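Q: Quick one: this structure, given as structure tokens, is what I'll be asking you about.
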Amino acid sequence: PSARDRVYLSLYRGTDAFGAAITAPRPIGEDRADVGLGWGNLTGSLRATRVRSPRAFGARTLAASDYRFDVGVDIEDGAGTDEAQFARARYRSGIRDLAATADLDLTLGDHTVRLGGRAGLHRFTPSALSLTGEAAPGALPVDTLLGARPTTGVDAALSAEDEWRATDRLTLGLGLRASLYATGGAVYPSVEPRLAASLRKSDRVALKASTIGRISWSRATVGRSASRRSSSTGRTG
């Protein structure tokens, strides 16, 4: 690395938990229930920037996150007796993300050109229910897992934008973004043209307008192919 390079590292971890214990006495023994709710996120990013020239600036970023959600219930009937029965239920879900991005800003006279690209990997665990238990003596124990089928998705995108300072007061922007998302044997590409304008009336007043179009379709990559096209336009001002 040189004086033109900068490296940034950030880490974050957050964990929250809630729990409650309930006890109901019996003539012999007692019934117990423990309820727990927990969730948390671990995320981090590594970013490297470089001033390539007085007119060029580049940045690369690698980011990852791991989010988990957990609900648990433990029930024991007749605790402290020979006839005690125990049951446990756990519900878990989570999302893991890994993404890499690269950006390049170029200043070319009255034009500022921004180029970018990204790729991401996503792993979803929408639900996993675990049931375990010990019944009365002589009965079969329970040990069951429901769900727990992770789903993986991949996304990628490329973008280009030109910001033109037409006059001291008028700035025009033209851009294009192409992206795709793939999961479950299907691919969903889309193209988004963008147009923006900014007119500075005074040092304190400026008028801005922008529009974004979207053309998207889907195609199955496994089995019979199917395609669908749609388009939409949004405006903000």
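Here's how to read the names in the structure tokens: chain A, B, ... by the order shown, residue numbers from 1 in each chain, ligand numbers from 1 in the order shown.
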Any idea what's packed within 9 Å of Ala21 (chain A), counting only C-alpha atoms, ignoring anything in its chain fewer than 3 positions away? Could you give it as JSON, numbers by chain?
A: {"A": [32, 33, 34, 35, 36]}
Q: Take the residues from that selection and write them out as a PDB file, in the first residue's frame, keeping N, CA, C and O atoms.
A:
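Output below, filename again21.pdb:
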ATOM      1  N   ARG A  32     -42.782 -27.334  35.318  1.00  0.00           N
ATOM      2  CA  ARG A  32     -41.883 -26.242  34.988  1.00  0.00           C
ATOM      3  C   ARG A  32     -41.945 -25.943  33.497  1.00  0.00           C
ATOM      4  O   ARG A  32     -42.098 -26.847  32.681  1.00  0.00           O
ATOM      5  N   ALA A  33     -41.786 -24.675  33.176  1.00  0.00           N
ATOM      6  CA  ALA A  33     -41.736 -24.243  31.777  1.00  0.00           C
ATOM      7  C   ALA A  33     -40.732 -23.108  31.656  1.00  0.00           C
ATOM      8  O   ALA A  33     -40.808 -22.130  32.407  1.00  0.00           O
ATOM      9  N   ASP A  34     -39.804 -23.259  30.762  1.00  0.00           N
ATOM     10  CA  ASP A  34     -38.811 -22.218  30.468  1.00  0.00           C
ATOM     11  C   ASP A  34     -38.991 -21.776  29.023  1.00  0.00           C
ATOM     12  O   ASP A  34     -38.960 -22.607  28.104  1.00  0.00           O
ATOM     13  N   VAL A  35     -39.172 -20.491  28.815  1.00  0.00           N
ATOM     14  CA  VAL A  35     -39.386 -19.920  27.486  1.00  0.00           C
ATOM     15  C   VAL A  35     -38.243 -18.967  27.186  1.00  0.00           C
ATOM     16  O   VAL A  35     -37.895 -18.114  28.015  1.00  0.00           O
ATOM     17  N   GLY A  36     -37.650 -19.108  25.998  1.00  0.00           N
ATOM     18  CA  GLY A  36     -36.544 -18.240  25.610  1.00  0.00           C
ATOM     19  C   GLY A  36     -36.711 -17.720  24.192  1.00  0.00           C
ATOM     20  O   GLY A  36     -37.205 -18.426  23.312  1.00  0.00           O
TER      21      GLY A  36
END
Q: Which residue, A:Pro189, A:Arg60, A:Thr23, A:Pro54, has the smallest gap to Val7 (chain A) when you use only C-alpha atoms?
A: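 Ranked by minimum distance to Val7 (chain A), first place goes to A:Arg60.
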Q: Any chance you could tabulate, as a Markdown table, the residues of region 79-116 of chain A at most 6 Å from region 161-178 of chain A with each one's nearest atom pair and distance in Å to one decimal, using only C-alpha atoms, in chain and rising number order?
A:
| residue | atom | partner | partner_atom | distance |
| --- | --- | --- | --- | --- |
| A:Asp110 | CA | A:Arg165 | CA | 5.4 |
| A:His111 | CA | A:Trp164 | CA | 4.5 |
| A:Thr112 | CA | A:Glu163 | CA | 5.1 |
| A:Val113 | CA | A:Asp162 | CA | 4.5 |
| A:Arg114 | CA | A:Glu161 | CA | 5.1 |
Q: To one decimal in Å, tell me the separation between CA of Ala156 (chain A) and CA of Tyr67 (chain A).
A: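 Distance reported for this atom pair: 21.4 Å.
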Q: Please indicate the distance in Å from CA of Thr15 (chain A) to CA of His122 (chain A), rounded to one decimal place.
A: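 So the answer is 21.1 Å.
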Q: From the set A:Pro126, A:Ala56, A:Leu46, A:Lys201, which residue has the shortest atom-to-atom contact distance to Ala100 (chain A), counting only C-alpha atoms?
A: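 Closest to Ala100 (chain A), using only C-alpha atoms: A:Leu46.
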Q: With distances taken over only C-alpha atoms, which of A:Leu129, A:Val205, A:Ala64, A:Ala59 is nearest to Tyr8 (chain A)?
A: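 Closest to Tyr8 (chain A), using only C-alpha atoms: A:Ala59.
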